[in-house]
Amino acid sequence: MLIELSIRHFAIIEELTVQFDKGLTVLTGETGAGKSIIIDAIGLLLGGRGSAEYVRYGEKRAEIEGLFIVEDNHPIIQKAMEVGIDVQDSMFILRRNISSQGKSICRVNGKLVTLAILREIGQALVDIHGQHEHQTLMQPEEHIVMLDGFIQKKLAPTLDEYQSLYKRALHLKKQVSSLSKNEQEMAQKLDLLQYQLDEIEQAKLIPNEDVQLMDERHKLAHSEKLFSLLQDSYRSLYGEGRGLDFLTTVLTHLEEAGTIDQDLKPLVESVSNSFYLLEEAAFTLRDRVEQIEFDPNRLEFIESRLHDIQRLKRKYGESVDDILEYASRVEEELDSIIHKDDRIIKLKEELDILWRDLLVESRALTTIRKQGAKELTEAIHKQLRSLYMEKTIFDVRVFEKARGKHSPVIDDQTVPFSHNGIDAVEFYLSTNPGEPMKPLSKVASGGEISRIMLAIKSIFSNQQGVTSVIFDEVDTGVSGRVAQAIAEKIHAISIGSQVLCITHLPQVAAMADSHLYIHKQEENERVTTSVKLLSTEEKINELARMISGVEMTDLTKQHAKELLELAELHKQPA
């Protein structure tokens with residue numbers, strides 16, 4: 001869950017640190033006080049799109065930091081470690097700075113990370129649900145994502161197998177398309193590849209030849225100096241009055257001394273070994289000197305050969321081995337073009353088998369989804385009944401996608417394969433008895449959408465593994481007993497976890513385990529936002545303000561106190 005949030009120089013917030021607990025925390029305050037700005041800051045901390053506009057006027061950068069704690073077995077720990085993030089005590093410290101030029105720096109547990117990694121980790125920690133998600137619910141293409149999330153464990157093995165086959169099928173389809181291009185383009189490519197292969201083959205390259213030639217060139221270029229050095233070394237060792245001659249005298253004297261002092265025998269043996277080693281080295285030097293010859297013609301040939309190799313390197317690779325590897329690939333491609341008709345037939349046969357295997361897997365996905373659709377429909381009905389939508393009929397429909405002109409044909413039937421199968425999913429709704437079922441996007445009002453989304457969140461919050469859920473004014477458009485039902489539903493989600501909720505409903509605020517009041521004040525001709533944790537008496541006053549609007553009376557305060565007492569009574573375990 002989110003333990004602490006620190007914000008500096010963000011929008012109208014100068015500096016703010018807020019601590020959070022388990023259970024339900026509500027954030028209330030006057031319109032424009034900065035409630036949604038705090039949620040925006042959390043959204044950016046979790047990898048949302050940044051902008052220089054978020055930086056407080058006159059400051060160089062905005063800084064946001066959050067401390068999160070997850071369960072020891074949370075999968076995001078393993079994911080973080082895979083990208084080199086050290087995780088201790090199951091804690092994540094997310095930090096994001098946004099400069100006044102719009103540049104963003106992201107860190108997780110002190111390690112610099114990309115925005116994509118920050119977003120992946122952030123989405124596993126917190127689920128933010130705002131009014132924009134109502135729009136998601138109104139988009140039919142998103143409904144399959146919701147259904148698949150609901151049945152993820154059952155669906156995953158089959159979907160993984162399907163997607164693996166689908167990836168292979170797309171690759172084969174691309175190969176067939178590439179080989180089936182027009183004849184003129186193929187002829188031009190054939191000429192180019194043949195020219196490249198001929199050019200490489202005419203060079204008659206030998207693996208690692210460039211390295212060997214450069215080494216030989218170096219030796220030839222310095223052959224005179226090498227000859228002089230080796231010859232001088234040999235002459236210093238071998239000959240009358242040279243090193244080995246003196247060493248022979250030393251060895252003779254030591255051998256005679258060894259007959260007198262037995263302790264000198266190891267020294268005699270050491271000098272003797274050294275003598276023979278040096279003698280062998282001298283003979284080796286002599287042989288090397290005799291082998292050295294300066295061949296200007298050979299050096300000229302090497303220079304010319306290296307020049308030709310360098311010309312090929314500029315076209316085909318950084319080394320001779322790279323050039324030879326390129327030639328091998330060209331040869332394979334030439335063969336595929338020359339025998340493209342045979343190749344196309346073979347690829348189409350393989351592709352046809354893959355399409356049929358995909359059809360089997362896609363039908364298995366459809367079966368799982370249809371069963372899951374029944375379970376999700378039943379679960380949503382249960383939730384809707386508790387939100388006073390007992391007469392609403394909700395249906396999750398699974399049907400085949402529309403066929404596209406590029407869809408494959410199997411047994412004279414066009415099959416609309418896509419990355420997640422052949423299914424489309426859409427939510428249907430009837431809000432009143434006797435009315436026909438219609439697509440959710442065409443019949444639901446704002447208040448109904450809020451309740452349906454809350455019902456879905458109630459189902460999914462136990463499955464997604466996120467540490468915190470944030471509701472940003474999801475209770476818009478409701479009142480009365482529906483507002484009370486929503487309050488109870490939000491509190492139910494918070495049991496055993498953490499929910500942060502921005503609300504304008506006193507019923508929701510009354511259910512809070514922690515109530516934070518957001519207010520803004522003017523200091524030094526600048527507006528700043530601050531947060532205060534309310535006491536019980538302050539909660540009553542804030543609830544009264546939410547009930548009455550402008551004027552607060554003793555009656556509204558009494559009503560607020562009763563609302564708080566009823567909420568506390570509801571929260572007591574049965």
# chains A, B, ... in the order shown; residues from 1 in each chain; ligands from 1
$ residues_around --residues "Ile493 of chain A" --least-positions-apart "4" --cutoff "8 Å" --atoms "only C-alpha atoms" --output "PyMOL selection string"
chain A and resi 458+461+489+497+499
$ residues_around --residues "segment 273-278 of chain A" --least-positions-apart "4" --cutoff "12 Å" --atoms "only C-alpha atoms" --output "short mmCIF file (atom, residue, chain, number, x, y, z; two decimals) with C-alpha atoms, in the first residue's frame"
data_model
loop_
_atom_site.label_atom_id
_atom_site.label_comp_id
_atom_site.auth_asym_id
_atom_site.auth_seq_id
_atom_site.Cartn_x
_atom_site.Cartn_y
_atom_site.Cartn_z
CA SER A 233 70.84 -10.82 -29.62
CA TYR A 234 72.29 -14.00 -31.12
CA SER A 236 75.67 -11.38 -27.78
CA LEU A 237 75.00 -14.94 -26.69
CA TYR A 238 77.00 -17.14 -29.06
CA GLY A 243 77.66 -14.59 -23.18
CA LEU A 244 77.59 -18.38 -23.47
CA ASP A 245 81.42 -18.51 -23.59
CA PHE A 246 81.63 -16.70 -20.27
CA LEU A 247 78.84 -18.87 -18.86
CA THR A 248 80.82 -22.02 -19.86
CA THR A 249 83.73 -20.76 -17.74
CA VAL A 250 81.38 -20.05 -14.85
CA LEU A 251 79.87 -23.53 -15.10
CA THR A 252 83.35 -25.20 -15.22
CA PRO A 266 71.91 -27.25 -6.40
CA LEU A 267 73.52 -24.02 -7.62
CA VAL A 268 75.61 -25.93 -10.13
CA GLU A 269 72.49 -27.66 -11.44
CA ALA A 282 70.60 -18.84 -29.16
CA PHE A 283 70.01 -21.58 -31.74
CA THR A 284 66.36 -20.49 -32.06
CA LEU A 285 67.47 -16.89 -32.61
#
$ select_by_dssp --residues "segment 440-537 of chain A" --states "alpha helix (DSSP H)" --output "PyMOL selection string"
chain A and resi 440-443+446-460+480-494+506-510+536-537
$ write_last_selection --atoms "N, CA and C atoms" --output "CSV table (one decimal), in the first residue's frame"
chain,number,residue,atom,x,y,z
A,440,LEU,N,-24.2,-1.3,-23.9
A,440,LEU,CA,-24.1,-0.4,-22.7
A,440,LEU,C,-23.8,1.0,-23.1
A,441,SER,N,-23.0,1.2,-24.2
A,441,SER,CA,-22.6,2.5,-24.6
A,441,SER,C,-23.7,3.4,-25.1
A,442,LYS,N,-24.9,2.8,-25.3
A,442,LYS,CA,-26.0,3.5,-25.9
A,442,LYS,C,-27.1,3.8,-24.9
A,443,VAL,N,-27.1,3.1,-23.8
A,443,VAL,CA,-28.3,3.2,-22.9
A,443,VAL,C,-28.0,3.7,-21.5
A,446,GLY,N,-25.0,8.6,-16.7
A,446,GLY,CA,-23.8,8.8,-16.0
A,446,GLY,C,-23.8,8.1,-14.6
A,447,GLY,N,-24.9,8.2,-13.9
A,447,GLY,CA,-25.0,7.6,-12.6
A,447,GLY,C,-24.9,6.1,-12.7
A,448,GLU,N,-25.6,5.5,-13.7
A,448,GLU,CA,-25.5,4.1,-13.9
A,448,GLU,C,-24.1,3.6,-14.3
A,449,ILE,N,-23.5,4.4,-15.1
A,449,ILE,CA,-22.1,4.0,-15.5
A,449,ILE,C,-21.2,4.0,-14.2
A,450,SER,N,-21.4,5.0,-13.4
A,450,SER,CA,-20.6,5.0,-12.1
A,450,SER,C,-20.8,3.7,-11.3
A,451,ARG,N,-22.0,3.3,-11.2
A,451,ARG,CA,-22.3,2.1,-10.4
A,451,ARG,C,-21.8,0.9,-11.0
A,452,ILE,N,-22.0,0.8,-12.4
A,452,ILE,CA,-21.5,-0.4,-13.1
A,452,ILE,C,-20.0,-0.5,-13.0
A,453,MET,N,-19.3,0.6,-13.1
A,453,MET,CA,-17.8,0.6,-13.0
A,453,MET,C,-17.4,0.2,-11.6
A,454,LEU,N,-18.1,0.7,-10.6
A,454,LEU,CA,-17.8,0.4,-9.2
A,454,LEU,C,-18.1,-1.1,-9.0
A,455,ALA,N,-19.1,-1.6,-9.6
A,455,ALA,CA,-19.4,-3.1,-9.5
A,455,ALA,C,-18.2,-3.9,-10.1
A,456,ILE,N,-17.8,-3.5,-11.2
A,456,ILE,CA,-16.6,-4.2,-11.9
A,456,ILE,C,-15.4,-4.1,-11.0
A,457,LYS,N,-15.1,-2.9,-10.4
A,457,LYS,CA,-13.9,-2.7,-9.6
A,457,LYS,C,-14.0,-3.5,-8.3
A,458,SER,N,-15.2,-3.7,-7.8
A,458,SER,CA,-15.4,-4.5,-6.6
A,458,SER,C,-15.0,-6.0,-6.9
A,459,ILE,N,-15.3,-6.4,-8.1
A,459,ILE,CA,-15.0,-7.8,-8.5
A,459,ILE,C,-13.5,-7.9,-8.8
A,460,PHE,N,-12.9,-6.9,-9.5
A,460,PHE,CA,-11.6,-7.0,-10.0
A,460,PHE,C,-10.5,-6.7,-8.9
A,480,GLY,N,-28.9,10.2,-2.5
A,480,GLY,CA,-29.8,9.4,-1.7
A,480,GLY,C,-29.3,8.0,-1.4
A,481,ARG,N,-30.2,7.0,-1.4
A,481,ARG,CA,-29.8,5.7,-1.0
A,481,ARG,C,-28.8,5.1,-1.9
A,482,VAL,N,-28.7,5.5,-3.2
A,482,VAL,CA,-27.7,5.0,-4.1
A,482,VAL,C,-26.3,5.5,-3.6
A,483,ALA,N,-26.3,6.7,-3.1
A,483,ALA,CA,-25.0,7.3,-2.6
A,483,ALA,C,-24.6,6.4,-1.4
A,484,GLN,N,-25.5,6.1,-0.6
A,484,GLN,CA,-25.2,5.3,0.6
A,484,GLN,C,-24.7,3.9,0.2
A,485,ALA,N,-25.3,3.3,-0.8
A,485,ALA,CA,-24.9,2.0,-1.3
A,485,ALA,C,-23.5,2.1,-1.9
A,486,ILE,N,-23.2,3.1,-2.6
A,486,ILE,CA,-21.8,3.3,-3.2
A,486,ILE,C,-20.8,3.5,-2.1
A,487,ALA,N,-21.2,4.2,-1.0
A,487,ALA,CA,-20.3,4.4,0.1
A,487,ALA,C,-20.0,3.0,0.8
A,488,GLU,N,-21.0,2.2,0.9
A,488,GLU,CA,-20.8,0.9,1.5
A,488,GLU,C,-19.9,0.0,0.6
A,489,LYS,N,-20.1,0.2,-0.7
A,489,LYS,CA,-19.4,-0.7,-1.6
A,489,LYS,C,-17.9,-0.3,-1.6
A,490,ILE,N,-17.6,1.0,-1.6
A,490,ILE,CA,-16.2,1.5,-1.6
A,490,ILE,C,-15.6,1.1,-0.3
A,491,HIS,N,-16.3,1.1,0.8
A,491,HIS,CA,-15.7,0.7,2.1
A,491,HIS,C,-15.4,-0.8,2.1
A,492,ALA,N,-16.3,-1.6,1.5
A,492,ALA,CA,-16.1,-3.0,1.4
A,492,ALA,C,-14.9,-3.3,0.6
A,493,ILE,N,-14.6,-2.6,-0.4
A,493,ILE,CA,-13.4,-2.8,-1.2
A,493,ILE,C,-12.1,-2.5,-0.3
A,494,SER,N,-12.3,-1.6,0.6
A,494,SER,CA,-11.1,-1.1,1.4
A,494,SER,C,-10.8,-2.1,2.5
A,506,PRO,N,-21.3,13.1,1.3
A,506,PRO,CA,-21.1,13.0,2.7
A,506,PRO,C,-21.3,11.5,3.1
A,507,GLN,N,-22.1,10.7,2.4
A,507,GLN,CA,-22.2,9.3,2.8
A,507,GLN,C,-20.9,8.6,2.6
A,508,VAL,N,-20.2,8.9,1.5
A,508,VAL,CA,-18.9,8.2,1.3
A,508,VAL,C,-17.9,8.7,2.4
A,509,ALA,N,-17.8,10.0,2.6
A,509,ALA,CA,-16.9,10.6,3.6
A,509,ALA,C,-17.1,10.0,4.9
A,510,ALA,N,-18.4,9.8,5.3
A,510,ALA,CA,-18.7,9.3,6.6
A,510,ALA,C,-18.1,7.9,6.9
A,536,THR,N,-12.5,13.7,15.1
A,536,THR,CA,-13.9,13.3,15.0
A,536,THR,C,-14.8,14.6,14.9
A,537,GLU,N,-14.5,15.6,15.8
A,537,GLU,CA,-15.3,16.8,15.7
A,537,GLU,C,-15.2,17.5,14.4
$ residues_around --residues "Tyr326 of chain A" --least-positions-apart "5" --cutoff "10 Å" --atoms "only C-alpha atoms" --output "number ranges by chain"
A: 196-197, 200, 316-317, 320-321, 331-332
$ atom_distance --atom1 "atom CA of Val396 of chain A" --atom2 "atom CA of Pro439 of chain A"
10.0 Å
$ closest_residue --among "A:Leu172, A:Met437, A:Val425, A:Ala11" --to "Lys346 of chain A" --atoms "only C-alpha atoms"
A:Leu172
$ select_by_dssp --residues "segment 114-162 of chain A" --states "strand (DSSP E or B)" --output "VMD selection string"
chain A and resid 126 to 130
$ write_last_selection --atoms "C-alpha atoms" --output "short mmCIF file (atom, residue, chain, number, x, y, z; two decimals), in the first residue's frame"
data_model
loop_
_atom_site.label_atom_id
_atom_site.label_comp_id
_atom_site.auth_asym_id
_atom_site.auth_seq_id
_atom_site.Cartn_x
_atom_site.Cartn_y
_atom_site.Cartn_z
CA VAL A 126 -1.91 1.24 -7.61
CA ASP A 127 -5.11 1.15 -9.62
CA ILE A 128 -6.41 4.67 -10.24
CA HIS A 129 -10.04 4.87 -11.26
CA GLY A 130 -11.29 8.26 -12.32
#
$ residues_around --residues "Gly372 of chain A" --least-positions-apart "5" --cutoff "9 Å" --atoms "only C-alpha atoms" --output "list in words"
Leu147, Asp148, Phe150, Ile151, Lys154, Thr367 and Thr377 of chain A
$ closest_atom_pairs --of "segment 274-335 of chain A" --to "segment 204-212 of chain A" --cutoff "10 Å" --atoms "only C-alpha atoms" --output "tab-separated table"
residue	atom	partner	partner_atom	distance
A:Ile302	CA	A:Asp210	CA	9.7
A:Arg305	CA	A:Asp210	CA	8.8
A:Leu306	CA	A:Asp210	CA	6.7
A:Ile309	CA	A:Asp210	CA	7.3
A:Gln310	CA	A:Asp210	CA	8.8
A:Ser319	CA	A:Asp210	CA	7.3
A:Val320	CA	A:Asn208	CA	6.0
A:Asp321	CA	A:Pro207	CA	5.6
A:Asp322	CA	A:Pro207	CA	9.3
A:Ile323	CA	A:Leu205	CA	8.8
A:Leu324	CA	A:Leu205	CA	7.7
$ residues_around --residues "Thr503 of chain A" --least-positions-apart "3" --cutoff "10 Å" --atoms "only C-alpha atoms" --output "PyMOL selection string"
chain A and resi 26-29+35+471-476+487+500+506-509+546
$ residues_around --residues "Glu435 of chain A" --least-positions-apart "4" --cutoff "12 Å" --atoms "only C-alpha atoms" --output "list in words"
Lys391, Thr392, Ile393, Tyr428, Leu429, Ser430, Thr431 and Val443 of chain A
$ decode --residues "segment 144-156 of chain A" --atoms "all heavy atoms" --output "compact mmCIF listing (two decimals), in the first residue's frame"
# COMPACT_ATOMS: atom_id res chain seq x y z
N ILE A 144 -13.37 -6.75 -23.96
CA ILE A 144 -12.68 -8.04 -23.98
C ILE A 144 -11.50 -8.03 -23.02
O ILE A 144 -11.16 -9.06 -22.42
CB ILE A 144 -12.21 -8.39 -25.42
CG1 ILE A 144 -11.75 -9.86 -25.46
CG2 ILE A 144 -11.13 -7.46 -25.92
CD1 ILE A 144 -11.51 -10.38 -26.87
N VAL A 145 -10.88 -6.86 -22.85
CA VAL A 145 -9.77 -6.73 -21.89
C VAL A 145 -10.28 -7.00 -20.47
O VAL A 145 -9.62 -7.69 -19.68
CB VAL A 145 -9.13 -5.33 -21.99
CG1 VAL A 145 -8.02 -5.18 -20.95
CG2 VAL A 145 -8.59 -5.10 -23.40
N MET A 146 -11.46 -6.45 -20.16
CA MET A 146 -12.04 -6.64 -18.83
C MET A 146 -12.41 -8.11 -18.60
O MET A 146 -12.13 -8.67 -17.53
CB MET A 146 -13.27 -5.75 -18.65
CG MET A 146 -12.95 -4.27 -18.71
SD MET A 146 -14.43 -3.26 -18.46
CE MET A 146 -13.76 -1.62 -18.77
N LEU A 147 -13.05 -8.74 -19.59
CA LEU A 147 -13.43 -10.14 -19.45
C LEU A 147 -12.19 -11.02 -19.30
O LEU A 147 -12.14 -11.89 -18.42
CB LEU A 147 -14.25 -10.60 -20.65
CG LEU A 147 -14.60 -12.09 -20.70
CD1 LEU A 147 -15.41 -12.50 -19.47
CD2 LEU A 147 -15.34 -12.44 -21.98
N ASP A 148 -11.18 -10.78 -20.14
CA ASP A 148 -9.96 -11.59 -20.06
C ASP A 148 -9.25 -11.40 -18.72
O ASP A 148 -8.64 -12.32 -18.20
CB ASP A 148 -9.01 -11.22 -21.21
CG ASP A 148 -9.48 -11.77 -22.55
OD1 ASP A 148 -10.53 -12.44 -22.56
OD2 ASP A 148 -8.80 -11.53 -23.57
N GLY A 149 -9.33 -10.19 -18.17
CA GLY A 149 -8.76 -9.96 -16.84
C GLY A 149 -9.48 -10.74 -15.77
O GLY A 149 -8.88 -11.25 -14.81
N PHE A 150 -10.79 -10.89 -15.93
CA PHE A 150 -11.61 -11.62 -14.95
C PHE A 150 -11.29 -13.11 -14.96
O PHE A 150 -11.29 -13.77 -13.93
CB PHE A 150 -13.09 -11.38 -15.26
CG PHE A 150 -14.04 -12.11 -14.36
CD1 PHE A 150 -14.18 -11.75 -13.03
CD2 PHE A 150 -14.79 -13.18 -14.84
CE1 PHE A 150 -15.06 -12.42 -12.19
CE2 PHE A 150 -15.67 -13.86 -14.01
CZ PHE A 150 -15.80 -13.47 -12.68
N ILE A 151 -10.99 -13.66 -16.14
CA ILE A 151 -10.74 -15.11 -16.27
C ILE A 151 -9.28 -15.40 -16.59
O ILE A 151 -8.96 -16.40 -17.22
CB ILE A 151 -11.66 -15.73 -17.35
CG1 ILE A 151 -11.46 -14.99 -18.68
CG2 ILE A 151 -13.10 -15.71 -16.91
CD1 ILE A 151 -12.23 -15.61 -19.85
N GLN A 152 -8.41 -14.52 -16.15
CA GLN A 152 -7.00 -14.59 -16.55
C GLN A 152 -6.36 -15.95 -16.28
O GLN A 152 -5.67 -16.51 -17.13
CB GLN A 152 -6.20 -13.49 -15.84
CG GLN A 152 -4.74 -13.45 -16.24
CD GLN A 152 -3.99 -12.33 -15.55
OE1 GLN A 152 -4.50 -11.69 -14.64
NE2 GLN A 152 -2.77 -12.08 -15.97
N LYS A 153 -6.56 -16.49 -15.09
CA LYS A 153 -5.91 -17.76 -14.73
C LYS A 153 -6.37 -18.91 -15.64
O LYS A 153 -5.58 -19.75 -16.04
CB LYS A 153 -6.19 -18.09 -13.27
CG LYS A 153 -5.48 -17.16 -12.29
CD LYS A 153 -5.74 -17.56 -10.86
CE LYS A 153 -5.00 -16.63 -9.90
NZ LYS A 153 -5.26 -16.98 -8.48
N LYS A 154 -7.66 -18.94 -15.94
CA LYS A 154 -8.19 -20.00 -16.81
C LYS A 154 -7.77 -19.79 -18.26
O LYS A 154 -7.54 -20.73 -19.00
CB LYS A 154 -9.72 -20.04 -16.72
CG LYS A 154 -10.25 -20.43 -15.35
CD LYS A 154 -11.78 -20.41 -15.36
CE LYS A 154 -12.34 -20.78 -13.99
NZ LYS A 154 -13.82 -20.71 -13.98
N LEU A 155 -7.69 -18.52 -18.66
CA LEU A 155 -7.47 -18.20 -20.06
C LEU A 155 -5.99 -18.24 -20.45
O LEU A 155 -5.66 -18.56 -21.59
CB LEU A 155 -8.04 -16.80 -20.35
CG LEU A 155 -8.13 -16.36 -21.81
CD1 LEU A 155 -9.25 -17.14 -22.51
CD2 LEU A 155 -8.40 -14.86 -21.91
N ALA A 156 -5.10 -17.89 -19.52
CA ALA A 156 -3.69 -17.64 -19.83
C ALA A 156 -3.00 -18.77 -20.61
O ALA A 156 -2.36 -18.49 -21.63
CB ALA A 156 -2.92 -17.33 -18.55
